[in-house]
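*Asks:* Take a look at this one; I'll ask things after.
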Amino acid sequence: MKKTAPTIDTATLAGRRARLAATLGPGIAILPTAPERVRNRDAHYGYRFDSYFYYLTAFPEPESVLVMIGGDAPRAILFCRERNLEREIWEGFRHGPEAARERYGFDEALPIGTLDEMLPKLMENQPALSYPVGTDPLWDARVMRWLNAVREKARAGISAPERILDLRVPLDEMRLVKDRGELDTMRRAGSISAAAHRRAMQITRPGMYEYEVEAELLHEFRRAGAQAPAYGPIVAGGANGCVLHYVFNDAQLEDGDLLLIDAAAELDGYASDITRTFPVGGRFSSAQRDTYELVLAAQQAAIDAVRPGVSWNAPHDAAVKVLAQGMVDLKLLSGSLDEVLEKETYRRFYMHRTGHWLGLDVHDAGEYKHAGEWRALTAGMVLTVEPGLYIRGGEDVPAAFHDIGIRIEDDVAVTDSGCEVLTGEVPKSVTDIEALMRSGRG
């Protein structure tokens with residue numbers, strides 16, 4: 001899938017800022033983007049903007065700050081880098097304030113160099129100050145300097161904000177429900193990632209190294225226009241598949257082992273998140289097949305539980321029930337289903353939750369509980385569904401199941417009547433996986 005340049009939907013961005021301003025009420029909100037990070041000496045990591053900032057602005061450049069003034073005459077002001085021919089020769093294009101204001105729909109745009117001068121003035125007589133409290137000690141100190149500068153004018157009749165609020169709280173709620181444009185981007189990210197997983201299944205052979213498969217994934221992501229992987233890819237052969245966050249990706253793949261791949265692309269800021277597990281040699285062993293089909297059944301039970309009005313925890317409970325019964329049936333655990341669930345002995349082989357929110361961040365913004373209760377799913381939420389089994393060797397574990405690590409993960413959007421799997425283009429059944437792997441071997 002070829003990617004086209006993202007369209008800047010200024011009406012949607014302005015609508016988000018207006019919703020936030022209405023929630024906050026009168027006051028001033030300050031939201032910086034992420035800084036550039038030094039990798040070593042004068043080499044930087046590839047730049048990635050702050051997700052909250054991008055959600056409200058779509059502005060991709062570093063050294064930028066959004067300031068919002070609420071009340072009867074709301075304003076959105078961007079502070080950004082000025083045009084600089086010499087720096088642009090070395091580092092590339094900069095919008096500059098005027099072009100940024102016009103293209104991204106801000107009420108005003110000012111040079112970032114004026115921020116320390118302007119912020120105390122903008123904070124004067126504002127009843128409340130909102131910003132990402134505690135995110136960055138340097139920003140905390142900078143905001144306090146501005147606040148103290150305003151307080152020093154008290155005898156001149158100028159008041160400072162009396163309340164300081166964490167800007168992330170209302171933004172988390174806003175980001176939790178995706179609009180049509182966000183869902184479309186996430187579908188395209190999922191499609192790009194799905195193609196990469198299909199490619200991995202087709203090219204994998206015994207004797208290859210995990211990093212060779214990783215290279216194919218990264219190639220497919222970038223070839224289709226995704227800017228980066230959404231997270232560090234996990235390419236884990238054999239026993240490495242039992243390590244939940246395995247990142248070395250340097251082992252040789254052996255015939256008879258499974259390969260667990262948890263990898264996906266980020267497109268225009270939005271993450272996808274896919275895991276598939278398949279046999280290095282192209283065919284599942286009997287024990288691998290039994291275990292795999294158990295995890296697949298658990299995933300399907302969880303997906304079937306995703307619909308508006310149900311508890312966030314309902315998909316997890318559905319998956320755990322299937323997995324627990326399967327562990328008893330496969331002689332991995334003893335006791336009745338009720339005993340396994342009550343004592344949570346299943347956690348020996350399944351120790352994580354069945355999903356997380358997904359969006360601009362791979363573990364996206366949004367609370368999972370309200371007032372101590374699991375929140376209800378609503379249309380527009382996007383979550384992952386990713387049950388697994390991780391069976392390390394042990395004297396009480398049948399030998400055929402030693403070092404089997406399996407996870408199956410898809411991205412699922414809640415719809416008005418149920419759910420939509422955004423990453424369904426990757427085979428999941430044993431038959432379909434084996435057929436795809438045969439097709440890659442001529």
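A note on labels: chains of the structure tokens are A, B, ... as shown, every chain counts residues from 1, and ligands are counted from 1 in their shown order.
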Got a sec to tell me which of segment 268-324 of chain A DSSP assigns to alpha helix (DSSP H), as a ChimeraX atom specification?

*Replies:* /A:286-304,314-324

*Asks:* Would you put the residues from that selection into a file with N, CA and C atoms, as an mmCIF file, in the first residue's frame?

*Replies:*
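Final file, result-v3.cif:
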data_model
loop_
_atom_site.group_PDB
_atom_site.id
_atom_site.type_symbol
_atom_site.label_atom_id
_atom_site.label_comp_id
_atom_site.auth_asym_id
_atom_site.auth_seq_id
_atom_site.Cartn_x
_atom_site.Cartn_y
_atom_site.Cartn_z
ATOM 1 N N SER A 286 2.443 -31.477 16.697
ATOM 2 C CA SER A 286 1.159 -31.749 17.336
ATOM 3 C C SER A 286 0.960 -30.890 18.583
ATOM 4 N N ALA A 287 1.978 -30.814 19.441
ATOM 5 C CA ALA A 287 1.865 -30.019 20.667
ATOM 6 C C ALA A 287 1.763 -28.533 20.343
ATOM 7 N N GLN A 288 2.537 -28.086 19.356
ATOM 8 C CA GLN A 288 2.468 -26.686 18.946
ATOM 9 C C GLN A 288 1.081 -26.347 18.410
ATOM 10 N N ARG A 289 0.526 -27.248 17.598
ATOM 11 C CA ARG A 289 -0.802 -27.019 17.030
ATOM 12 C C ARG A 289 -1.854 -26.932 18.145
ATOM 13 N N ASP A 290 -1.805 -27.877 19.082
ATOM 14 C CA ASP A 290 -2.789 -27.870 20.161
ATOM 15 C C ASP A 290 -2.714 -26.580 20.971
ATOM 16 N N THR A 291 -1.495 -26.165 21.272
ATOM 17 C CA THR A 291 -1.311 -24.945 22.059
ATOM 18 C C THR A 291 -1.749 -23.725 21.262
ATOM 19 N N TYR A 292 -1.361 -23.695 19.997
ATOM 20 C CA TYR A 292 -1.712 -22.555 19.146
ATOM 21 C C TYR A 292 -3.226 -22.416 19.019
ATOM 22 N N GLU A 293 -3.901 -23.505 18.749
ATOM 23 C CA GLU A 293 -5.353 -23.445 18.564
ATOM 24 C C GLU A 293 -6.071 -23.065 19.856
ATOM 25 N N LEU A 294 -5.480 -23.380 21.000
ATOM 26 C CA LEU A 294 -6.031 -22.936 22.268
ATOM 27 C C LEU A 294 -5.938 -21.411 22.379
ATOM 28 N N VAL A 295 -4.778 -20.859 22.067
ATOM 29 C CA VAL A 295 -4.607 -19.404 22.136
ATOM 30 C C VAL A 295 -5.527 -18.719 21.124
ATOM 31 N N LEU A 296 -5.647 -19.295 19.940
ATOM 32 C CA LEU A 296 -6.520 -18.715 18.922
ATOM 33 C C LEU A 296 -7.975 -18.721 19.384
ATOM 34 N N ALA A 297 -8.413 -19.806 20.016
ATOM 35 C CA ALA A 297 -9.779 -19.861 20.535
ATOM 36 C C ALA A 297 -9.986 -18.819 21.627
ATOM 37 N N ALA A 298 -8.975 -18.621 22.465
ATOM 38 C CA ALA A 298 -9.070 -17.606 23.513
ATOM 39 C C ALA A 298 -9.162 -16.211 22.896
ATOM 40 N N GLN A 299 -8.377 -15.974 21.847
ATOM 41 C CA GLN A 299 -8.453 -14.665 21.207
ATOM 42 C C GLN A 299 -9.834 -14.428 20.587
ATOM 43 N N GLN A 300 -10.373 -15.446 19.947
ATOM 44 C CA GLN A 300 -11.684 -15.275 19.333
ATOM 45 C C GLN A 300 -12.753 -15.021 20.387
ATOM 46 N N ALA A 301 -12.661 -15.702 21.519
ATOM 47 C CA ALA A 301 -13.614 -15.462 22.600
ATOM 48 C C ALA A 301 -13.517 -14.029 23.101
ATOM 49 N N ALA A 302 -12.287 -13.519 23.190
ATOM 50 C CA ALA A 302 -12.098 -12.136 23.646
ATOM 51 C C ALA A 302 -12.647 -11.146 22.623
ATOM 52 N N ILE A 303 -12.362 -11.374 21.340
ATOM 53 C CA ILE A 303 -12.875 -10.476 20.298
ATOM 54 C C ILE A 303 -14.394 -10.485 20.285
ATOM 55 N N ASP A 304 -14.982 -11.660 20.458
ATOM 56 C CA ASP A 304 -16.448 -11.759 20.486
ATOM 57 C C ASP A 304 -17.045 -10.960 21.638
ATOM 58 N N ALA A 314 -14.114 -7.501 30.206
ATOM 59 C CA ALA A 314 -14.854 -8.649 29.672
ATOM 60 C C ALA A 314 -14.030 -9.464 28.668
ATOM 61 N N PRO A 315 -13.307 -8.839 27.715
ATOM 62 C CA PRO A 315 -12.485 -9.646 26.804
ATOM 63 C C PRO A 315 -11.406 -10.435 27.538
ATOM 64 N N HIS A 316 -10.795 -9.828 28.551
ATOM 65 C CA HIS A 316 -9.765 -10.529 29.325
ATOM 66 C C HIS A 316 -10.357 -11.737 30.040
ATOM 67 N N ASP A 317 -11.509 -11.536 30.681
ATOM 68 C CA ASP A 317 -12.142 -12.645 31.392
ATOM 69 C C ASP A 317 -12.496 -13.780 30.438
ATOM 70 N N ALA A 318 -12.975 -13.423 29.249
ATOM 71 C CA ALA A 318 -13.341 -14.448 28.262
ATOM 72 C C ALA A 318 -12.119 -15.249 27.830
ATOM 73 N N ALA A 319 -11.014 -14.551 27.586
ATOM 74 C CA ALA A 319 -9.789 -15.236 27.163
ATOM 75 C C ALA A 319 -9.241 -16.126 28.266
ATOM 76 N N VAL A 320 -9.213 -15.612 29.482
ATOM 77 C CA VAL A 320 -8.659 -16.380 30.603
ATOM 78 C C VAL A 320 -9.450 -17.670 30.820
ATOM 79 N N LYS A 321 -10.753 -17.600 30.703
ATOM 80 C CA LYS A 321 -11.572 -18.795 30.920
ATOM 81 C C LYS A 321 -11.236 -19.877 29.906
ATOM 82 N N VAL A 322 -11.081 -19.483 28.634
ATOM 83 C CA VAL A 322 -10.731 -20.464 27.593
ATOM 84 C C VAL A 322 -9.330 -21.011 27.831
ATOM 85 N N LEU A 323 -8.382 -20.134 28.120
ATOM 86 C CA LEU A 323 -7.000 -20.572 28.336
ATOM 87 C C LEU A 323 -6.897 -21.500 29.540
ATOM 88 N N ALA A 324 -7.561 -21.149 30.623
ATOM 89 C CA ALA A 324 -7.475 -21.966 31.839
ATOM 90 C C ALA A 324 -8.007 -23.370 31.597
#

*Asks:* Pick out the residues sitting within 9 Å of segment 93-106 of chain A, and hand them over as an mmCIF file with N, CA and C atoms, in the first residue's frame; count only C-alpha atoms, and ignore anything fewer than 4 positions along from it in its own chain.

*Replies:*
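Contents of out_5.cif, freshly written:
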data_model
loop_
_atom_site.group_PDB
_atom_site.id
_atom_site.type_symbol
_atom_site.label_atom_id
_atom_site.label_comp_id
_atom_site.auth_asym_id
_atom_site.auth_seq_id
_atom_site.Cartn_x
_atom_site.Cartn_y
_atom_site.Cartn_z
ATOM 1 N N ILE A 8 -3.746 17.912 6.212
ATOM 2 C CA ILE A 8 -3.905 18.632 7.459
ATOM 3 C C ILE A 8 -5.362 19.072 7.560
ATOM 4 N N ASP A 9 -6.110 18.415 8.414
ATOM 5 C CA ASP A 9 -7.527 18.705 8.604
ATOM 6 C C ASP A 9 -7.654 19.766 9.682
ATOM 7 N N THR A 10 -7.552 21.020 9.253
ATOM 8 C CA THR A 10 -7.536 22.110 10.237
ATOM 9 C C THR A 10 -8.870 22.226 10.978
ATOM 10 N N ALA A 11 -9.970 21.851 10.322
ATOM 11 C CA ALA A 11 -11.264 21.931 11.005
ATOM 12 C C ALA A 11 -11.336 20.946 12.168
ATOM 13 N N LEU A 13 -8.739 19.704 13.825
ATOM 14 C CA LEU A 13 -7.809 20.169 14.855
ATOM 15 C C LEU A 13 -8.415 21.315 15.654
ATOM 16 N N ALA A 14 -9.043 22.265 14.958
ATOM 17 C CA ALA A 14 -9.682 23.387 15.652
ATOM 18 C C ALA A 14 -10.821 22.886 16.539
ATOM 19 N N THR A 57 -2.473 19.673 17.249
ATOM 20 C CA THR A 57 -1.841 20.580 16.283
ATOM 21 C C THR A 57 -1.478 19.949 14.946
ATOM 22 N N ALA A 58 -1.121 18.670 14.929
ATOM 23 C CA ALA A 58 -0.534 17.982 13.773
ATOM 24 C C ALA A 58 0.776 18.619 13.328
ATOM 25 N N PHE A 59 1.344 19.480 14.164
ATOM 26 C CA PHE A 59 2.586 20.169 13.786
ATOM 27 C C PHE A 59 3.764 19.275 14.131
ATOM 28 N N GLU A 61 7.224 19.711 14.003
ATOM 29 C CA GLU A 61 8.575 20.198 14.261
ATOM 30 C C GLU A 61 8.881 20.268 15.753
ATOM 31 N N ARG A 75 -8.260 31.624 22.107
ATOM 32 C CA ARG A 75 -7.207 31.732 21.094
ATOM 33 C C ARG A 75 -6.277 30.526 21.192
ATOM 34 N N ALA A 76 -5.752 30.131 20.039
ATOM 35 C CA ALA A 76 -4.726 29.091 19.981
ATOM 36 C C ALA A 76 -3.482 29.700 19.355
ATOM 37 N N ILE A 77 -2.400 29.689 20.124
ATOM 38 C CA ILE A 77 -1.153 30.339 19.692
ATOM 39 C C ILE A 77 -0.063 29.283 19.602
ATOM 40 N N LEU A 78 0.610 29.225 18.472
ATOM 41 C CA LEU A 78 1.754 28.329 18.310
ATOM 42 C C LEU A 78 3.042 29.120 18.417
ATOM 43 N N PHE A 79 3.951 28.634 19.238
ATOM 44 C CA PHE A 79 5.322 29.142 19.261
ATOM 45 C C PHE A 79 6.182 28.111 18.542
ATOM 46 N N CYS A 80 6.939 28.532 17.526
ATOM 47 C CA CYS A 80 7.747 27.582 16.754
ATOM 48 C C CYS A 80 9.016 28.258 16.244
ATOM 49 N N ARG A 81 9.872 27.472 15.644
ATOM 50 C CA ARG A 81 11.140 27.990 15.122
ATOM 51 C C ARG A 81 10.890 28.941 13.951
ATOM 52 N N GLU A 82 11.718 29.944 13.834
ATOM 53 C CA GLU A 82 11.671 30.831 12.680
ATOM 54 C C GLU A 82 12.383 30.188 11.489
ATOM 55 N N ARG A 83 12.091 30.681 10.301
ATOM 56 C CA ARG A 83 12.857 30.263 9.131
ATOM 57 C C ARG A 83 14.316 30.656 9.329
ATOM 58 N N ASN A 84 15.225 29.801 8.852
ATOM 59 C CA ASN A 84 16.653 30.060 9.008
ATOM 60 C C ASN A 84 17.365 29.342 7.877
ATOM 61 N N LEU A 85 17.782 30.089 6.879
ATOM 62 C CA LEU A 85 18.341 29.485 5.669
ATOM 63 C C LEU A 85 19.552 28.622 5.978
ATOM 64 N N ARG A 87 20.381 27.011 8.812
ATOM 65 C CA ARG A 87 20.008 25.769 9.485
ATOM 66 C C ARG A 87 19.217 24.859 8.552
ATOM 67 N N GLU A 88 18.426 25.434 7.664
ATOM 68 C CA GLU A 88 17.643 24.612 6.752
ATOM 69 C C GLU A 88 18.523 23.922 5.717
ATOM 70 N N ILE A 89 19.669 24.520 5.386
ATOM 71 C CA ILE A 89 20.623 23.837 4.499
ATOM 72 C C ILE A 89 21.121 22.554 5.151
ATOM 73 N N LEU A 110 4.022 32.621 16.812
ATOM 74 C CA LEU A 110 5.104 33.505 17.224
ATOM 75 C C LEU A 110 6.413 32.734 17.273
ATOM 76 N N PRO A 111 7.546 33.419 17.179
ATOM 77 C CA PRO A 111 8.843 32.738 17.270
ATOM 78 C C PRO A 111 9.034 32.113 18.643
ATOM 79 N N ILE A 112 9.615 30.920 18.664
ATOM 80 C CA ILE A 112 9.842 30.215 19.922
ATOM 81 C C ILE A 112 10.776 31.003 20.834
#

*Asks:* Could you list, as a list in words, every residue within 9 Å of Val177 of chain A, counting only C-alpha atoms and ignoring same-chain residues fewer than 2 positions away?

*Replies:*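 Listed by chain and then number, they are Glu173, Met174, Arg175, Asp179, Thr378, Ala379, Gly380, Met381 and Val382 of chain A.
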
*Asks:* Export C-alpha atoms of the chosen residues as an mmCIF file, in the first residue's frame?

*Replies:*
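Ended up saving to part-v6.cif:
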data_model
loop_
_atom_site.group_PDB
_atom_site.id
_atom_site.type_symbol
_atom_site.label_atom_id
_atom_site.label_comp_id
_atom_site.auth_asym_id
_atom_site.auth_seq_id
_atom_site.Cartn_x
_atom_site.Cartn_y
_atom_site.Cartn_z
ATOM 1 C CA GLU A 173 -10.523 11.196 27.698
ATOM 2 C CA MET A 174 -10.602 12.939 24.334
ATOM 3 C CA ARG A 175 -7.933 10.701 22.814
ATOM 4 C CA ASP A 179 -12.797 9.951 15.080
ATOM 5 C CA THR A 378 -17.916 2.739 23.682
ATOM 6 C CA ALA A 379 -17.825 3.114 19.898
ATOM 7 C CA GLY A 380 -14.572 4.644 18.671
ATOM 8 C CA MET A 381 -12.315 3.072 21.276
ATOM 9 C CA VAL A 382 -9.467 0.954 19.887
#

*Asks:* Looking at only C-alpha atoms, which of A:Ile164, A:Val67, A:Leu337, A:Val38 is the one that sits closest to Met118 of chain A?

*Replies:*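 The answer is A:Val67, which sits nearest to Met118 of chain A.
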
*Asks:* Skip segment 136-146 of chain A itself and residues of its chain fewer than 5 positions away, then list as number ranges by chain all residues within 12 Å of it, counting only C-alpha atoms.

*Replies:* A: 28-35, 65, 115-124, 129-131, 151-153, 160-161, 164, 166

*Asks:* May I have the residues from that selection written out with C-alpha atoms, as a tab-separated table (two decimals), in the first residue's frame?

*Replies:*
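Wrote it out as selection.tsv, contents follow:
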chain	number	residue	atom	x	y	z
A	28	ILE	CA	-4.44	29.31	30.00
A	29	ALA	CA	-3.14	25.95	28.80
A	30	ILE	CA	0.48	25.29	27.83
A	31	LEU	CA	1.55	22.20	25.91
A	32	PRO	CA	5.12	21.71	24.64
A	33	THR	CA	6.09	19.10	22.10
A	34	ALA	CA	8.86	16.59	22.74
A	35	PRO	CA	12.48	17.78	22.63
A	65	VAL	CA	4.71	25.00	22.14
A	115	LEU	CA	8.29	32.30	24.69
A	116	ASP	CA	9.91	33.37	27.98
A	117	GLU	CA	8.97	36.99	27.30
A	118	MET	CA	5.38	36.31	26.26
A	119	LEU	CA	4.20	33.61	28.67
A	120	PRO	CA	4.16	35.70	31.85
A	121	LYS	CA	2.11	38.33	29.97
A	122	LEU	CA	-0.32	35.71	28.66
A	123	MET	CA	-0.70	34.23	32.16
A	124	GLU	CA	-1.72	37.54	33.71
A	129	LEU	CA	-3.15	27.20	34.45
A	130	SER	CA	-3.13	23.80	32.76
A	131	TYR	CA	-0.05	21.97	31.52
A	151	ARG	CA	2.90	36.83	41.19
A	152	GLU	CA	5.50	39.58	41.61
A	153	LYS	CA	3.01	41.98	39.97
A	160	ALA	CA	-1.68	34.94	38.83
A	161	PRO	CA	-3.55	31.68	38.15
A	164	ILE	CA	-2.86	24.42	38.40
A	166	ASP	CA	-2.87	18.51	34.72

*Asks:* For atom CA of Val340 of chain A and atom CA of Gly372 of chain A, determine how far apart the two atoms are, in Å to one decimal place.

*Replies:* 25.1 Å

*Asks:* Find the residues around segment 261-274 of chain A up to 6 Å (only C-alpha atoms counted), leave out those fewer than 4 positions away in its own chain, and share them as an mmCIF file with C-alpha atoms, in the first residue's frame.

*Replies:*
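Writing done, so here's selection12.cif:
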data_model
loop_
_atom_site.group_PDB
_atom_site.id
_atom_site.type_symbol
_atom_site.label_atom_id
_atom_site.label_comp_id
_atom_site.auth_asym_id
_atom_site.auth_seq_id
_atom_site.Cartn_x
_atom_site.Cartn_y
_atom_site.Cartn_z
ATOM 1 C CA ALA A 189 -1.230 1.348 9.535
ATOM 2 C CA GLY A 190 -2.708 -2.086 10.237
ATOM 3 C CA SER A 193 1.866 -4.073 9.225
ATOM 4 C CA PHE A 221 7.016 -0.792 6.859
ATOM 5 C CA ALA A 226 5.168 4.189 7.394
ATOM 6 C CA GLN A 227 7.597 6.503 9.152
ATOM 7 C CA ALA A 228 8.866 4.033 11.759
ATOM 8 C CA PRO A 229 8.046 0.919 13.736
ATOM 9 C CA ALA A 230 5.519 1.729 16.443
ATOM 10 C CA PRO A 233 10.129 -5.251 17.119
ATOM 11 C CA ILE A 234 10.119 -8.578 18.954
ATOM 12 C CA VAL A 235 11.346 -11.409 16.718
ATOM 13 C CA GLY A 359 -3.793 5.131 19.197
ATOM 14 C CA LEU A 360 -1.099 7.771 18.922
ATOM 15 C CA VAL A 362 1.098 1.939 21.288
ATOM 16 C CA GLU A 409 -2.589 -10.113 18.708
ATOM 17 C CA ASP A 410 -4.918 -7.931 16.663
#

*Asks:* Provide the atom CA of Val385 of chain A to atom CA of Ala413 of chain A distance in Å, to one decimal place.

*Replies:*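 Computing the Euclidean distance for atom CA of Val385 of chain A and atom CA of Ala413 of chain A yields 10.4 Å.
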
*Asks:* With only C-alpha atoms as the basis for distance, which of A:Met351, A:Leu24, A:Leu358, A:Val421 is at the shortest distance from Leu244 of chain A?

*Replies:*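 Among the listed residues, A:Met351 lies closest to Leu244 of chain A.
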
*Asks:* Choose the residue, out of A:Gly335, A:Pro132, A:Pro279, A:Gly366, that has the smallest atom-to-atom separation from Leu383 of chain A; count only C-alpha atoms.

*Replies:*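 Comparing A:Gly335, A:Pro132, A:Pro279, A:Gly366 against Leu383 of chain A, the winner is A:Gly366.
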
*Asks:* Go through segment 188-307 of chain A and flag each residue having an atom no more than 9 Å from segment 426-442 of chain A; for those, report the closest pair of atoms plus their distance in Å to one decimal, using only C-alpha atoms, ordered by chain and rising number, as a Markdown table.

*Replies:*
| residue | atom | partner | partner_atom | distance |
| --- | --- | --- | --- | --- |
| A:Ser191 | CA | A:Val426 | CA | 8.8 |
| A:Ser193 | CA | A:Val426 | CA | 8.8 |
| A:Ala194 | CA | A:Val426 | CA | 5.2 |
| A:Ala195 | CA | A:Val426 | CA | 7.3 |
| A:His197 | CA | A:Val426 | CA | 6.7 |
| A:Arg198 | CA | A:Val426 | CA | 6.1 |
| A:Arg199 | CA | A:Gly440 | CA | 8.4 |
| A:Met201 | CA | A:Met437 | CA | 5.6 |
| A:Gln202 | CA | A:Gly440 | CA | 4.3 |
| A:Ile203 | CA | A:Gly440 | CA | 6.2 |
| A:Thr204 | CA | A:Met437 | CA | 8.0 |
| A:Ile274 | CA | A:Val426 | CA | 9.0 |
| A:Arg276 | CA | A:Lys428 | CA | 7.5 |
| A:Thr277 | CA | A:Lys428 | CA | 8.6 |
| A:Phe278 | CA | A:Ile433 | CA | 7.1 |
| A:Pro279 | CA | A:Glu434 | CA | 8.3 |
| A:Gly281 | CA | A:Met437 | CA | 8.8 |
| A:Gly282 | CA | A:Glu434 | CA | 5.8 |
| A:Arg283 | CA | A:Glu434 | CA | 6.0 |
| A:Phe284 | CA | A:Val430 | CA | 7.7 |
| A:Arg289 | CA | A:Val430 | CA | 7.2 |
| A:Tyr292 | CA | A:Val430 | CA | 8.0 |
| A:Glu293 | CA | A:Val430 | CA | 7.6 |
| A:Leu296 | CA | A:Lys428 | CA | 7.6 |

*Asks:* Hey, can you spit out that residue selection with N, CA and C atoms as a PDB file, in the first residue's frame?

*Replies:*
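The resulting file, again.pdb, is shown below:
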ATOM      1  N   SER A 191      -2.898  -2.302   7.840  1.00  0.00           N
ATOM      2  CA  SER A 191      -2.709  -2.978   6.557  1.00  0.00           C
ATOM      3  C   SER A 191      -1.236  -3.071   6.184  1.00  0.00           C
ATOM      4  N   SER A 193       1.267  -3.105   8.306  1.00  0.00           N
ATOM      5  CA  SER A 193       1.866  -4.073   9.225  1.00  0.00           C
ATOM      6  C   SER A 193       1.484  -5.498   8.853  1.00  0.00           C
ATOM      7  N   ALA A 194       0.247  -5.680   8.405  1.00  0.00           N
ATOM      8  CA  ALA A 194      -0.200  -7.013   7.997  1.00  0.00           C
ATOM      9  C   ALA A 194       0.622  -7.530   6.828  1.00  0.00           C
ATOM     10  N   ALA A 195       0.899  -6.658   5.869  1.00  0.00           N
ATOM     11  CA  ALA A 195       1.713  -7.066   4.717  1.00  0.00           C
ATOM     12  C   ALA A 195       3.102  -7.493   5.168  1.00  0.00           C
ATOM     13  N   HIS A 197       3.912  -8.815   8.089  1.00  0.00           N
ATOM     14  CA  HIS A 197       3.815 -10.131   8.732  1.00  0.00           C
ATOM     15  C   HIS A 197       3.648 -11.243   7.697  1.00  0.00           C
ATOM     16  N   ARG A 198       2.875 -10.992   6.658  1.00  0.00           N
ATOM     17  CA  ARG A 198       2.741 -12.005   5.608  1.00  0.00           C
ATOM     18  C   ARG A 198       4.091 -12.262   4.945  1.00  0.00           C
ATOM     19  N   ARG A 199       4.829 -11.195   4.703  1.00  0.00           N
ATOM     20  CA  ARG A 199       6.164 -11.336   4.115  1.00  0.00           C
ATOM     21  C   ARG A 199       7.084 -12.147   5.027  1.00  0.00           C
ATOM     22  N   MET A 201       6.252 -14.455   7.171  1.00  0.00           N
ATOM     23  CA  MET A 201       5.881 -15.869   7.106  1.00  0.00           C
ATOM     24  C   MET A 201       6.413 -16.525   5.838  1.00  0.00           C
ATOM     25  N   GLN A 202       6.434 -15.794   4.754  1.00  0.00           N
ATOM     26  CA  GLN A 202       6.852 -16.369   3.476  1.00  0.00           C
ATOM     27  C   GLN A 202       8.358 -16.560   3.370  1.00  0.00           C
ATOM     28  N   ILE A 203       9.123 -15.688   4.021  1.00  0.00           N
ATOM     29  CA  ILE A 203      10.585 -15.761   3.825  1.00  0.00           C
ATOM     30  C   ILE A 203      11.304 -16.541   4.916  1.00  0.00           C
ATOM     31  N   THR A 204      10.649 -16.812   6.037  1.00  0.00           N
ATOM     32  CA  THR A 204      11.329 -17.459   7.159  1.00  0.00           C
ATOM     33  C   THR A 204      11.748 -18.889   6.811  1.00  0.00           C
ATOM     34  N   ILE A 274       0.651  -5.805  16.119  1.00  0.00           N
ATOM     35  CA  ILE A 274       0.275  -7.151  15.674  1.00  0.00           C
ATOM     36  C   ILE A 274       1.272  -8.162  16.214  1.00  0.00           C
ATOM     37  N   ARG A 276       2.022 -12.406  15.664  1.00  0.00           N
ATOM     38  CA  ARG A 276       1.710 -13.702  15.084  1.00  0.00           C
ATOM     39  C   ARG A 276       2.802 -14.688  15.480  1.00  0.00           C
ATOM     40  N   THR A 277       2.443 -15.956  15.552  1.00  0.00           N
ATOM     41  CA  THR A 277       3.380 -17.019  15.894  1.00  0.00           C
ATOM     42  C   THR A 277       3.215 -18.134  14.871  1.00  0.00           C
ATOM     43  N   PHE A 278       4.338 -18.607  14.327  1.00  0.00           N
ATOM     44  CA  PHE A 278       4.264 -19.626  13.279  1.00  0.00           C
ATOM     45  C   PHE A 278       5.506 -20.514  13.317  1.00  0.00           C
ATOM     46  N   PRO A 279       5.452 -21.695  12.702  1.00  0.00           N
ATOM     47  CA  PRO A 279       6.577 -22.638  12.771  1.00  0.00           C
ATOM     48  C   PRO A 279       7.693 -22.255  11.793  1.00  0.00           C
ATOM     49  N   GLY A 281       9.865 -24.076  10.422  1.00  0.00           N
ATOM     50  CA  GLY A 281       9.974 -25.035   9.329  1.00  0.00           C
ATOM     51  C   GLY A 281       8.739 -25.129   8.442  1.00  0.00           C
ATOM     52  N   GLY A 282       7.687 -24.400   8.779  1.00  0.00           N
ATOM     53  CA  GLY A 282       6.510 -24.388   7.925  1.00  0.00           C
ATOM     54  C   GLY A 282       5.366 -25.272   8.374  1.00  0.00           C
ATOM     55  N   ARG A 283       5.587 -26.144   9.370  1.00  0.00           N
ATOM     56  CA  ARG A 283       4.510 -27.005   9.857  1.00  0.00           C
ATOM     57  C   ARG A 283       4.555 -27.070  11.382  1.00  0.00           C
ATOM     58  N   PHE A 284       3.386 -26.950  12.001  1.00  0.00           N
ATOM     59  CA  PHE A 284       3.271 -27.062  13.447  1.00  0.00           C
ATOM     60  C   PHE A 284       3.418 -28.521  13.867  1.00  0.00           C
ATOM     61  N   ARG A 289       0.526 -27.248  17.598  1.00  0.00           N
ATOM     62  CA  ARG A 289      -0.802 -27.019  17.030  1.00  0.00           C
ATOM     63  C   ARG A 289      -1.854 -26.932  18.145  1.00  0.00           C
ATOM     64  N   TYR A 292      -1.361 -23.695  19.997  1.00  0.00           N
ATOM     65  CA  TYR A 292      -1.712 -22.555  19.146  1.00  0.00           C
ATOM     66  C   TYR A 292      -3.226 -22.416  19.019  1.00  0.00           C
ATOM     67  N   GLU A 293      -3.901 -23.505  18.749  1.00  0.00           N
ATOM     68  CA  GLU A 293      -5.353 -23.445  18.564  1.00  0.00           C
ATOM     69  C   GLU A 293      -6.071 -23.065  19.856  1.00  0.00           C
ATOM     70  N   LEU A 296      -5.647 -19.295  19.940  1.00  0.00           N
ATOM     71  CA  LEU A 296      -6.520 -18.715  18.922  1.00  0.00           C
ATOM     72  C   LEU A 296      -7.975 -18.721  19.384  1.00  0.00           C
TER      73      LEU A 296
END

*Asks:* Can you list, as a ChimeraX atom specification, every protein, DNA or RNA residue that comes within 12 Å of Glu254 of chain A when you count only C-alpha atoms, leaving out same-chain residues fewer than 6 positions away?

*Replies:* /A:204-210,236-240,279-282

*Asks:* Report, in Å to a single decimal, how far apart atom CA of Met186 of chain A and atom CA of Arg37 of chain A are.

*Replies:*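 Atom CA of Met186 of chain A lies at a distance of 26.7 Å from atom CA of Arg37 of chain A.
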